[in-house]
file work-v3.cif (mmCIF, C-alpha atoms and all ligand atoms)
data_query
loop_
_atom_site.label_atom_id
_atom_site.label_comp_id
_atom_site.auth_asym_id
_atom_site.auth_seq_id
_atom_site.Cartn_x
_atom_site.Cartn_y
_atom_site.Cartn_z
CA MET A 366 99.97 126.95 105.12
CA ALA A 367 100.55 125.05 108.33
CA GLN A 368 103.21 122.79 109.86
CA ILE A 369 101.48 119.43 110.13
CA LEU A 370 102.65 116.22 111.78
CA VAL A 371 101.22 112.98 110.38
CA THR A 372 102.00 109.92 112.50
CA GLY A 373 101.66 106.69 110.54
CA GLY A 374 102.26 108.74 107.40
CA ALA A 375 103.88 105.88 105.48
CA GLY A 376 100.78 103.73 105.84
CA PHE A 377 97.90 103.31 103.45
CA LEU A 378 95.74 106.23 104.64
CA GLY A 379 98.65 108.32 105.94
CA SER A 380 100.42 108.42 102.58
CA HIS A 381 97.29 109.73 100.83
CA LEU A 382 96.79 112.30 103.58
CA CYS A 383 100.42 113.54 103.34
CA GLU A 384 99.97 113.88 99.58
CA ARG A 385 96.77 115.91 99.92
CA LEU A 386 98.26 118.24 102.55
CA LEU A 387 101.33 118.89 100.39
CA GLU A 388 99.10 119.63 97.39
CA ARG A 389 97.27 122.15 99.56
CA GLY A 390 100.53 123.93 100.41
CA ASP A 391 101.22 122.67 103.94
CA HIS A 392 104.52 121.58 105.46
CA VAL A 393 104.29 117.91 106.38
CA ILE A 394 106.36 115.95 108.89
CA CYS A 395 105.71 112.25 108.40
CA VAL A 396 106.59 109.97 111.32
CA ASP A 397 106.50 106.21 110.91
CA ASN A 398 108.28 103.10 112.24
CA TYR A 399 107.29 101.00 109.17
CA PHE A 400 105.58 98.40 111.34
CA SER A 401 102.77 98.02 108.82
CA GLY A 402 103.56 100.87 106.43
CA ARG A 403 105.87 100.84 103.44
CA LYS A 404 108.56 103.20 102.20
CA GLU A 405 107.25 102.88 98.64
CA ASN A 406 104.00 104.56 99.73
CA ILE A 407 105.86 107.82 100.22
CA ASP A 408 108.84 107.42 97.86
CA HIS A 409 107.33 109.94 95.46
CA LEU A 410 107.12 112.56 98.24
CA ARG A 411 110.69 112.29 99.55
CA ASP A 412 112.13 115.04 97.36
CA HIS A 413 109.27 117.44 97.99
CA LYS A 414 110.67 120.57 99.63
CA ARG A 415 107.83 120.80 102.16
CA PHE A 416 108.01 117.10 103.14
CA GLU A 417 110.09 115.71 105.99
CA LEU A 418 110.34 112.05 106.92
CA ILE A 419 111.30 110.75 110.36
CA ARG A 420 111.69 107.08 111.20
CA HIS A 421 110.37 106.92 114.73
CA ASP A 422 108.20 104.78 116.98
CA ILE A 423 105.61 106.90 118.83
CA VAL A 424 105.88 104.61 121.85
CA HIS A 425 109.04 106.67 122.51
CA PRO A 426 108.81 110.42 123.15
CA LEU A 427 109.06 112.65 120.13
CA TYR A 428 110.02 116.31 120.07
CA VAL A 429 109.13 118.18 116.88
CA GLU A 430 107.17 121.36 116.26
CA ALA A 431 103.68 121.22 114.76
CA GLU A 432 100.51 123.30 114.55
CA GLN A 433 98.30 120.36 113.66
CA ILE A 434 98.73 116.64 114.30
CA TYR A 435 96.97 113.80 112.52
CA ASN A 436 97.52 110.68 114.63
CA LEU A 437 97.25 107.62 112.36
CA ALA A 438 100.06 105.48 113.77
CA CYS A 439 98.63 102.04 114.56
CA PRO A 440 98.40 98.86 112.50
CA ALA A 441 94.86 98.57 111.10
CA SER A 442 94.48 95.13 109.57
CA PRO A 443 93.55 92.27 111.92
CA VAL A 444 96.55 90.24 110.74
CA ALA A 445 98.92 93.17 111.41
CA TYR A 446 97.50 94.24 114.77
CA GLN A 447 97.33 90.66 116.09
CA TYR A 448 100.93 89.91 115.03
CA ASN A 449 102.22 91.65 118.18
CA PRO A 450 99.17 92.49 120.31
CA ILE A 451 101.13 94.03 123.19
CA LYS A 452 102.88 96.37 120.77
CA THR A 453 99.50 97.33 119.32
CA ILE A 454 98.26 98.23 122.81
CA LYS A 455 101.42 100.22 123.57
CA THR A 456 101.02 102.22 120.35
CA SER A 457 97.43 103.17 121.23
CA THR A 458 98.18 103.97 124.87
CA VAL A 459 101.82 104.96 125.52
CA GLY A 460 102.13 106.25 121.94
CA MET A 461 98.90 108.20 122.25
CA ILE A 462 100.12 109.82 125.49
CA ASN A 463 103.34 110.92 123.79
CA VAL A 464 101.47 112.43 120.85
CA LEU A 465 99.07 114.19 123.22
CA GLY A 466 102.05 115.41 125.26
CA LEU A 467 103.51 116.82 122.08
CA ALA A 468 100.18 118.49 121.23
CA ARG A 469 100.10 119.98 124.70
CA ARG A 470 103.63 121.40 124.48
CA CYS A 471 103.08 122.79 120.97
CA ARG A 472 99.49 123.89 121.64
CA ALA A 473 98.63 121.96 118.50
CA ARG A 474 95.24 120.72 117.38
CA ILE A 475 95.18 116.94 117.19
CA LEU A 476 92.94 114.72 115.07
CA HIS A 477 92.96 111.12 116.24
CA THR A 478 91.89 108.34 113.89
CA SER A 479 89.72 105.99 115.89
CA THR A 480 87.74 103.18 114.36
CA SER A 481 84.35 101.56 113.96
CA GLU A 482 85.92 98.71 115.97
CA VAL A 483 85.13 100.71 119.12
CA TYR A 484 81.54 99.53 118.46
CA GLY A 485 82.77 95.90 118.48
CA ASP A 486 80.24 93.36 117.17
CA PRO A 487 77.44 95.92 117.28
CA GLU A 488 73.98 95.23 118.62
CA VAL A 489 72.76 98.58 117.27
CA HIS A 490 72.55 98.99 113.51
CA PRO A 491 73.55 101.23 111.80
CA GLN A 492 76.07 102.58 114.28
CA LYS A 493 75.68 106.14 115.59
CA GLU A 494 78.31 108.00 117.57
CA ASP A 495 76.34 107.76 120.82
CA TYR A 496 76.42 103.93 120.80
CA TRP A 497 78.86 102.65 123.46
CA GLY A 498 79.65 99.41 121.68
CA HIS A 499 79.84 95.68 122.27
CA VAL A 500 83.51 94.72 122.55
CA ASN A 501 85.00 91.51 123.95
CA PRO A 502 87.73 92.93 126.21
CA LEU A 503 89.70 89.66 126.20
CA GLY A 504 89.32 88.36 122.63
CA PRO A 505 91.87 88.42 119.79
CA ARG A 506 90.63 91.80 118.54
CA SER A 507 90.80 93.44 121.98
CA CYS A 508 94.38 94.69 121.60
CA TYR A 509 93.11 96.93 118.82
CA ASP A 510 89.55 97.66 119.96
CA GLU A 511 90.34 98.36 123.59
CA GLY A 512 93.53 100.21 122.65
CA LYS A 513 91.49 102.51 120.42
CA ARG A 514 88.89 102.99 123.17
CA VAL A 515 91.60 104.02 125.65
CA ALA A 516 93.06 106.34 123.01
CA GLU A 517 89.69 108.10 122.67
CA SER A 518 89.47 108.40 126.44
CA LEU A 519 93.00 109.84 126.60
CA CYS A 520 92.11 112.43 123.96
CA MET A 521 88.99 113.47 125.84
CA ASN A 522 90.82 113.66 129.18
CA TYR A 523 93.72 115.68 127.74
CA HIS A 524 91.09 118.01 126.33
CA LEU A 525 89.31 118.33 129.68
CA ALA A 526 92.45 118.62 131.80
CA HIS A 527 94.70 120.68 129.53
CA GLY A 528 92.35 122.26 126.99
CA ILE A 529 93.97 120.44 124.04
CA PRO A 530 91.87 120.98 120.90
CA ILE A 531 91.03 117.41 119.89
CA ARG A 532 89.12 115.91 116.96
CA ILE A 533 88.09 112.24 117.08
CA VAL A 534 87.14 110.45 113.87
CA ARG A 535 85.78 106.89 113.81
CA ILE A 536 86.84 105.47 110.47
CA PHE A 537 84.86 102.64 108.90
CA ASN A 538 86.44 100.13 106.47
CA THR A 539 88.40 102.10 103.88
CA TYR A 540 90.13 100.74 100.79
CA GLY A 541 92.09 101.92 97.78
CA PRO A 542 95.53 102.07 96.16
CA ARG A 543 98.52 101.52 98.52
CA MET A 544 96.72 99.08 100.79
CA ASP A 545 99.44 96.56 101.56
CA PRO A 546 98.70 93.62 99.22
CA ASN A 547 99.68 91.19 101.99
CA ASP A 548 97.96 92.77 104.96
CA GLY A 549 95.12 90.27 105.05
CA ARG A 550 92.23 92.72 104.76
CA VAL A 551 89.34 91.54 102.67
CA VAL A 552 89.61 93.97 99.74
CA SER A 553 93.34 93.41 99.21
CA ASN A 554 92.96 89.64 99.71
CA PHE A 555 90.13 89.27 97.19
CA ILE A 556 91.80 91.41 94.52
CA MET A 557 95.19 89.71 94.86
CA GLN A 558 93.55 86.28 94.82
CA ALA A 559 91.45 87.15 91.75
CA LEU A 560 94.47 88.51 89.86
CA ARG A 561 96.55 85.43 90.74
CA GLY A 562 93.75 83.08 89.68
CA GLU A 563 93.48 81.67 93.23
CA SER A 564 90.21 80.96 95.03
CA LEU A 565 88.73 83.92 96.91
CA THR A 566 88.76 83.11 100.64
CA VAL A 567 85.36 84.04 102.08
CA TYR A 568 85.43 83.59 105.86
CA GLY A 569 82.33 81.88 107.26
CA HIS A 570 79.11 82.01 105.26
CA GLY A 571 80.07 85.38 103.78
CA LYS A 572 76.81 87.08 104.75
CA GLN A 573 78.51 89.31 107.31
CA THR A 574 78.52 92.92 106.16
CA ARG A 575 80.92 95.85 105.93
CA SER A 576 80.58 99.30 104.40
CA PHE A 577 83.51 100.23 102.18
CA CYS A 578 84.71 103.81 101.75
CA TYR A 579 87.15 104.84 99.02
CA VAL A 580 90.34 106.44 100.33
CA ASP A 581 89.91 109.83 98.57
CA ASP A 582 86.52 110.31 100.22
CA LEU A 583 87.95 109.36 103.60
CA VAL A 584 90.87 111.78 103.38
CA GLU A 585 88.48 114.60 102.46
CA GLY A 586 86.45 113.77 105.59
CA LEU A 587 89.56 113.82 107.82
CA ILE A 588 90.68 117.22 106.55
CA ARG A 589 87.19 118.72 106.91
CA MET A 590 87.00 117.42 110.48
CA MET A 591 90.39 118.89 111.38
CA ASP A 592 89.59 122.27 109.87
CA GLN A 593 86.17 122.91 111.42
CA ASN A 594 85.71 124.69 114.75
CA VAL A 595 82.37 123.45 116.08
CA ASP A 596 82.72 119.79 117.07
CA LEU A 597 85.35 117.63 118.81
CA GLY A 598 83.78 114.36 117.70
CA PRO A 599 83.60 111.50 117.80
CA ILE A 600 82.33 111.52 114.25
CA ASN A 601 81.77 108.56 111.94
CA ILE A 602 83.47 108.76 108.56
CA GLY A 603 82.58 105.92 106.23
CA ASN A 604 80.36 104.87 103.39
CA PRO A 605 76.80 104.00 104.44
CA VAL A 606 76.36 101.52 101.55
CA GLU A 607 76.49 98.07 103.15
CA ASN A 608 77.64 94.90 101.35
CA THR A 609 78.04 91.25 102.27
CA MET A 610 81.46 89.66 101.73
CA LEU A 611 79.87 87.43 99.07
CA GLU A 612 78.71 90.55 97.20
CA LEU A 613 82.21 91.99 97.47
CA ALA A 614 83.69 88.75 96.08
CA GLU A 615 81.28 88.87 93.13
CA ALA A 616 82.14 92.50 92.39
CA VAL A 617 85.89 91.74 92.43
CA LEU A 618 85.43 88.74 90.12
CA GLU A 619 83.35 90.81 87.69
CA LEU A 620 85.75 93.78 87.63
CA THR A 621 88.92 91.68 87.28
CA GLY A 622 87.34 89.28 84.79
CA SER A 623 88.88 86.50 86.88
CA LYS A 624 87.67 82.90 86.67
CA SER A 625 88.66 82.25 90.30
CA ALA A 626 86.33 80.18 92.47
CA VAL A 627 85.01 81.25 95.87
CA LYS A 628 85.90 79.02 98.81
CA HIS A 629 84.79 79.23 102.42
CA ASP A 630 87.38 79.33 105.22
CA PRO A 631 86.66 79.42 108.96
CA LEU A 632 85.33 82.69 110.40
CA PRO A 633 87.86 84.31 112.77
CA LYS A 634 86.79 84.61 116.41
CA ASP A 635 84.72 87.70 117.33
CA ASP A 636 84.38 88.78 113.67
CA PRO A 637 81.70 91.51 113.68
CA GLN A 638 78.60 90.35 111.82
CA GLN A 639 77.38 93.70 110.56
CA ARG A 640 78.75 97.18 110.22
CA ARG A 641 77.37 100.36 108.68
CA PRO A 642 77.99 103.95 109.73
CA ASP A 643 75.22 106.40 110.44
CA ILE A 644 76.78 109.52 108.89
CA THR A 645 74.05 112.01 109.77
CA LYS A 646 76.52 113.92 111.94
CA ALA A 647 79.24 114.12 109.24
CA LYS A 648 76.68 115.32 106.71
CA ALA A 649 75.42 118.04 109.05
CA ILE A 650 78.71 119.29 110.50
CA LEU A 651 81.20 118.63 107.73
CA LYS A 652 78.82 118.78 104.75
CA TRP A 653 80.57 115.53 103.85
CA GLU A 654 79.40 112.32 102.28
CA PRO A 655 81.23 109.78 100.14
CA LYS A 656 81.14 110.28 96.37
CA VAL A 657 82.94 107.24 94.96
CA PRO A 658 80.74 104.17 94.41
CA LEU A 659 82.19 100.75 95.33
CA LYS A 660 82.72 99.51 91.78
CA GLU A 661 84.50 102.69 90.71
CA GLY A 662 86.81 102.56 93.73
CA LEU A 663 87.44 98.85 93.28
CA ALA A 664 88.36 99.40 89.61
CA LYS A 665 90.99 101.99 90.65
CA THR A 666 92.34 99.66 93.33
CA ILE A 667 92.52 96.72 90.91
CA GLU A 668 94.40 98.91 88.43
CA TYR A 669 96.89 99.81 91.20
CA TYR A 670 97.56 96.18 92.11
CA ARG A 671 97.86 95.20 88.42
CA ARG A 672 100.46 97.93 87.87
CA THR A 673 102.49 97.48 91.06
CA GLN A 674 102.25 93.72 91.65
CA PHE A 675 101.84 92.25 88.18
CA GLY A 676 103.28 94.99 85.92
P1 LIG B 1 98.37 101.08 107.95
O1 LIG B 1 98.79 99.91 108.73
O2 LIG B 1 98.59 101.07 106.47
O3 LIG B 1 99.02 102.41 108.52
C1 LIG B 1 99.40 102.60 109.85
C2 LIG B 1 100.79 103.22 109.86
O4 LIG B 1 101.21 103.44 111.21
C3 LIG B 1 101.84 102.30 109.23
O5 LIG B 1 102.62 103.02 108.32
C4 LIG B 1 102.67 101.83 110.43
O6 LIG B 1 103.99 101.49 110.09
C5 LIG B 1 102.55 103.01 111.36
N1 LIG B 1 102.77 102.67 112.78
C6 LIG B 1 102.21 101.65 113.46
N2 LIG B 1 102.63 101.66 114.74
C7 LIG B 1 103.47 102.73 114.86
C8 LIG B 1 104.24 103.26 115.92
N3 LIG B 1 104.24 102.69 117.13
N4 LIG B 1 105.01 104.36 115.68
C9 LIG B 1 105.04 104.93 114.45
N5 LIG B 1 104.33 104.46 113.40
C10 LIG B 1 103.56 103.37 113.61
O7 LIG B 1 96.81 101.32 108.26
P2 LIG B 1 95.79 102.39 107.68
O8 LIG B 1 94.67 101.65 107.07
O9 LIG B 1 96.49 103.42 106.90
O10 LIG B 1 95.24 103.01 109.03
C11 LIG B 1 95.65 104.28 109.50
C12 LIG B 1 94.88 104.62 110.78
O11 LIG B 1 93.48 104.64 110.51
C13 LIG B 1 95.10 103.61 111.90
O12 LIG B 1 95.20 104.28 113.14
C14 LIG B 1 93.83 102.77 111.87
O13 LIG B 1 93.52 102.25 113.12
C15 LIG B 1 92.79 103.78 111.40
N6 LIG B 1 91.67 103.10 110.73
C16 LIG B 1 91.81 102.61 109.45
C17 LIG B 1 90.75 101.94 108.87
C18 LIG B 1 90.83 101.38 107.45
O14 LIG B 1 89.85 100.77 107.01
N7 LIG B 1 91.89 101.59 106.71
C19 LIG B 1 89.56 101.76 109.58
C20 LIG B 1 89.47 102.25 110.87
C21 LIG B 1 90.53 102.93 111.44
N1 LIG B 2 106.11 114.19 125.10
C1 LIG B 2 106.63 114.01 123.84
N2 LIG B 2 106.87 115.12 123.08
C2 LIG B 2 106.63 116.38 123.52
C3 LIG B 2 106.08 116.55 124.82
C4 LIG B 2 105.83 115.42 125.58
O1 LIG B 2 106.87 112.91 123.38
O2 LIG B 2 106.87 117.32 122.77
C5 LIG B 2 105.82 112.99 125.88
C6 LIG B 2 106.61 112.86 127.14
O3 LIG B 2 107.31 111.62 127.08
C7 LIG B 2 105.58 112.79 128.24
C8 LIG B 2 104.29 112.50 127.53
O4 LIG B 2 104.46 113.05 126.24
O5 LIG B 2 105.87 111.75 129.13
C9 LIG B 2 103.09 113.12 128.18
O6 LIG B 2 103.32 114.49 128.33
P1 LIG B 2 102.52 115.35 129.39
O7 LIG B 2 102.90 116.78 129.18
O8 LIG B 2 101.08 115.03 129.31
O9 LIG B 2 102.93 114.79 130.78
P2 LIG B 2 104.26 114.65 131.61
O10 LIG B 2 104.47 113.19 131.71
O11 LIG B 2 105.37 115.36 130.86
O12 LIG B 2 103.95 115.30 132.89
N1 LIG B 3 87.25 88.41 105.24
C1 LIG B 3 87.01 87.41 104.32
N2 LIG B 3 88.07 86.94 103.59
C2 LIG B 3 89.33 87.44 103.70
C3 LIG B 3 89.56 88.48 104.64
C4 LIG B 3 88.50 88.93 105.41
O1 LIG B 3 85.87 86.94 104.16
O2 LIG B 3 90.22 86.96 102.99
C5 LIG B 3 86.11 88.94 106.01
C6 LIG B 3 86.34 89.05 107.51
O3 LIG B 3 86.00 87.83 108.14
C7 LIG B 3 85.41 90.19 107.88
C8 LIG B 3 85.40 91.08 106.63
O4 LIG B 3 85.89 90.27 105.57
O5 LIG B 3 84.10 89.71 108.10
C9 LIG B 3 86.29 92.31 106.75
O6 LIG B 3 87.56 91.88 107.17
P1 LIG B 3 88.83 92.86 107.25
O7 LIG B 3 89.94 92.07 107.84
O8 LIG B 3 89.05 93.51 105.93
O9 LIG B 3 88.38 94.04 108.22
P2 LIG B 3 87.60 94.13 109.62
O10 LIG B 3 87.15 92.76 110.05
O11 LIG B 3 88.59 94.69 110.55
O12 LIG B 3 86.45 95.00 109.33
#
call {"tool": "encode", "arguments": {"input": "work-v3.cif", "output": "structure tokens"}}
result
Amino acid sequence: MAQILVTGGAGFLGSHLCERLLERGDHVICVDNYFSGRKENIDHLRDHKRFELIRHDIVHPLYVEAEQIYNLACPASPVAYQYNPIKTIKTSTVGMINVLGLARRCRARILHTSTSEVYGDPEVHPQKEDYWGHVNPLGPRSCYDEGKRVAESLCMNYHLAHGIPIRIVRIFNTYGPRMDPNDGRVVSNFIMQALRGESLTVYGHGKQTRSFCYVDDLVEGLIRMMDQNVDLGPINIGNPVENTMLELAEAVLELTGSKSAVKHDPLPKDDPQQRRPDITKAKAILKWEPKVPLKEGLAKTIEYYRRTQFG
């Protein structure tokens, strides 16, 4: 039983993580400024006697006690992180320094959630942890990509200078219940469009690829990474099954039974063309690999949107 701080705990991934830690018997302090998270994600946890909720922006210093810190605070969808790019950068830099400062004072272990976006539009496929990436430092995604790259560097330098026990996880596209239905990510967009009978908006030709990991698998990977003592990371956590956006659209149409059409909208600038994690390291060190196939995870996500948005 540990005292665990989860920043970004009211977000999509954070809320599932808080839930799992409480189930395990931990004390959880959830910190969130609701920039892209939602109170309803954690409503069911509020009365839990080992759960504490603090409305706070990590760009400002934070003084609480913790033995472990999961740092998830940062908007993750391109629409959300490009809404206020300077704020996104501050969260990944100034915010990261504050959370590392807290880890230093408390002598806490900190797991930072980085992203496959540190690989940019990758020229190496699939992506391994030793690939340095191909990021446009000035493009519309740079506030997120470069912010996350600085955050990794800050973690490593706090580790080297102050001996902070760090864990760096590079998360690949993850989906599931509690993804904000309006956050613009492809899984939530397609499902909401299919359920509303609107056309599915495929950006560009739709042959670009992503690899989609179900949230329960991802959370298991985060906890295993935090709790092992051999590797600081970075470590890729994601599903190595790769799909085109057209394949994803077809799967959503089949599983919803929707008669929606597929239309093609312009491809956003710097949209990565392919993405698939090499998870050899996670398999070896964490004995982890995803278990939930895409269609099973999509069916659960569709059921969630049906119940909460159309119920
Ligand atoms: P999300 O937007 O649902 O959650 C992020 C949470 O952080 C939100 O609740 C938001 O309000 C909070 N937040 C943002 N800025 C903050 C600040 N300055 N202070 C306090 N709270 C703040 O996104 P998510 O999908 O749950 O992502 C969680 C983390 O995982 C993020 O760091 C993201 O970069 C990383 N990640 C997610 C994915 C994915 O596919 N879901 C992929 C790669 C990396
Ligand atoms: N900090 C925080 N909570 C703490 C300890 C530190 O928010 O419990 C912040 C504080 O604002 C500080 C930053 O973390 O500026 C970095 O702390 P560090 O100890 O690395 O450096 P300092 O700036 O204090 O020398
Ligand atoms: N995408 C799409 N239609 C949408 C939303 C996104 O075709 O309505 C595409 C987008 O261009 C990208 C992929 O789906 O190629 C994944 O986009 P998302 O925003 O979910 O995540 P990221 O680009 O950050 O991986």
call {"tool": "residues_near_point", "arguments": {"input": "work-v3.cif", "point": "(83.3, 78.0, 104.8)", "cutoff": "12 Å", "atoms": "only C-alpha atoms", "output": "ChimeraX atom specification"}}
result
/A:565-572,611,627-633
call {"tool": "residues_around", "arguments": {"input": "work-v3.cif", "residues": "Ser625 of chain A", "least_positions_apart": "6", "cutoff": "7 Å", "atoms": "all atoms listed in the file", "output": "PDB file with C-alpha atoms, in the coordinates of the input"}}
result
ATOM      1  CA  ALA A 559      91.450  87.150  91.750  1.00  0.00           C
ATOM      2  CA  GLY A 562      93.750  83.080  89.680  1.00  0.00           C
ATOM      3  CA  GLU A 563      93.480  81.670  93.230  1.00  0.00           C
ATOM      4  CA  SER A 564      90.210  80.960  95.030  1.00  0.00           C
ATOM      5  CA  LEU A 565      88.730  83.920  96.910  1.00  0.00           C
TER       6      LEU A 565
END
call {"tool": "atom_distance", "arguments": {"input": "work-v3.cif", "atom1": "atom CA of Ser380 of chain A", "atom2": "atom CA of Ile602 of chain A"}}
result
18.0 Å
call {"tool": "residues_near_ligand", "arguments": {"input": "work-v3.cif", "ligand": "ligand LIG 1 (chain B)", "cutoff": "7 Å", "atoms": "all atoms listed in the file", "output": "count of residues only"}}
result
41
call {"tool": "closest_residue", "arguments": {"input": "work-v3.cif", "among": "A:Asn594, A:Lys513, A:Asp635, A:Tyr446", "to": "His499 of chain A", "atoms": "all atoms listed in the file"}}
result
A:Asp635
call {"tool": "residues_around", "arguments": {"input": "work-v3.cif", "residues": "segment 648-660 of chain A", "least_positions_apart": "3", "cutoff": "6 Å", "atoms": "all atoms listed in the file", "output": "CSV table (one decimal) with C-alpha atoms, in the coordinates of the input"}}
result
chain,number,residue,atom,x,y,z
A,582,ASP,CA,86.5,110.3,100.2
A,604,ASN,CA,80.4,104.9,103.4
A,645,THR,CA,74.0,112.0,109.8
A,663,LEU,CA,87.4,98.8,93.3
call {"tool": "decode", "arguments": {"input": "work-v3.cif", "residues": "segment 612-635 of chain A", "atoms": "N, CA and C atoms", "output": "JSON list (two decimals), in the first residue's frame"}}
result
[["chain", "number", "residue", "atom", "x", "y", "z"],
["A", 612, "GLU", "N", -9.06, 1.00, -42.53],
["A", 612, "GLU", "CA", -9.41, -0.26, -41.84],
["A", 612, "GLU", "C", -10.14, 0.03, -40.52],
["A", 613, "LEU", "N", -9.67, 1.06, -39.82],
["A", 613, "LEU", "CA", -10.33, 1.42, -38.57],
["A", 613, "LEU", "C", -11.78, 1.85, -38.84],
["A", 614, "ALA", "N", -11.96, 2.66, -39.88],
["A", 614, "ALA", "CA", -13.31, 3.13, -40.23],
["A", 614, "ALA", "C", -14.22, 1.93, -40.54],
["A", 615, "GLU", "N", -13.70, 0.98, -41.30],
["A", 615, "GLU", "CA", -14.51, -0.22, -41.63],
["A", 615, "GLU", "C", -14.89, -0.98, -40.38],
["A", 616, "ALA", "N", -13.93, -1.15, -39.46],
["A", 616, "ALA", "CA", -14.21, -1.90, -38.22],
["A", 616, "ALA", "C", -15.29, -1.19, -37.41],
["A", 617, "VAL", "N", -15.21, 0.14, -37.33],
["A", 617, "VAL", "CA", -16.21, 0.89, -36.55],
["A", 617, "VAL", "C", -17.59, 0.77, -37.20],
["A", 618, "LEU", "N", -17.64, 0.83, -38.52],
["A", 618, "LEU", "CA", -18.93, 0.70, -39.21],
["A", 618, "LEU", "C", -19.53, -0.69, -38.97],
["A", 619, "GLU", "N", -18.67, -1.70, -39.06],
["A", 619, "GLU", "CA", -19.16, -3.08, -38.85],
["A", 619, "GLU", "C", -19.69, -3.27, -37.41],
["A", 620, "LEU", "N", -18.92, -2.80, -36.43],
["A", 620, "LEU", "CA", -19.28, -3.06, -35.04],
["A", 620, "LEU", "C", -20.48, -2.22, -34.57],
["A", 621, "THR", "N", -20.66, -1.04, -35.16],
["A", 621, "THR", "CA", -21.81, -0.21, -34.76],
["A", 621, "THR", "C", -23.03, -0.57, -35.60],
["A", 622, "GLY", "N", -22.82, -1.23, -36.73],
["A", 622, "GLY", "CA", -23.93, -1.51, -37.65],
["A", 622, "GLY", "C", -24.42, -0.24, -38.33],
["A", 623, "SER", "N", -23.58, 0.79, -38.33],
["A", 623, "SER", "CA", -23.98, 2.08, -38.89],
["A", 623, "SER", "C", -23.94, 2.07, -40.42],
["A", 624, "LYS", "N", -24.83, 2.85, -41.01],
["A", 624, "LYS", "CA", -24.86, 2.96, -42.48],
["A", 624, "LYS", "C", -24.11, 4.23, -42.95],
["A", 625, "SER", "N", -23.37, 4.83, -42.04],
["A", 625, "SER", "CA", -22.65, 6.07, -42.38],
["A", 625, "SER", "C", -21.71, 5.85, -43.57],
["A", 626, "ALA", "N", -21.52, 6.93, -44.33],
["A", 626, "ALA", "CA", -20.55, 6.90, -45.43],
["A", 626, "ALA", "C", -19.17, 7.25, -44.88],
["A", 627, "VAL", "N", -18.15, 7.09, -45.73],
["A", 627, "VAL", "CA", -16.80, 7.54, -45.37],
["A", 627, "VAL", "C", -16.47, 8.70, -46.29],
["A", 628, "LYS", "N", -16.08, 9.84, -45.73],
["A", 628, "LYS", "CA", -15.66, 10.96, -46.59],
["A", 628, "LYS", "C", -14.20, 11.31, -46.29],
["A", 629, "HIS", "N", -13.56, 11.95, -47.26],
["A", 629, "HIS", "CA", -12.15, 12.29, -47.08],
["A", 629, "HIS", "C", -12.00, 13.79, -46.86],
["A", 630, "ASP", "N", -11.39, 14.15, -45.73],
["A", 630, "ASP", "CA", -11.09, 15.55, -45.41],
["A", 630, "ASP", "C", -9.58, 15.75, -45.53],
["A", 631, "PRO", "N", -9.14, 17.02, -45.59],
["A", 631, "PRO", "CA", -7.70, 17.26, -45.76],
["A", 631, "PRO", "C", -6.87, 16.68, -44.62],
["A", 632, "LEU", "N", -5.67, 16.21, -44.97],
["A", 632, "LEU", "CA", -4.74, 15.66, -43.98],
["A", 632, "LEU", "C", -4.10, 16.82, -43.22],
["A", 633, "PRO", "N", -4.12, 16.80, -41.89],
["A", 633, "PRO", "CA", -3.45, 17.88, -41.14],
["A", 633, "PRO", "C", -1.94, 17.87, -41.42],
["A", 634, "LYS", "N", -1.33, 19.07, -41.28],
["A", 634, "LYS", "CA", 0.10, 19.21, -41.54],
["A", 634, "LYS", "C", 0.91, 18.31, -40.58],
["A", 635, "ASP", "N", 1.97, 17.72, -41.13],
["A", 635, "ASP", "CA", 2.93, 16.91, -40.35],
["A", 635, "ASP", "C", 2.30, 15.65, -39.73]]
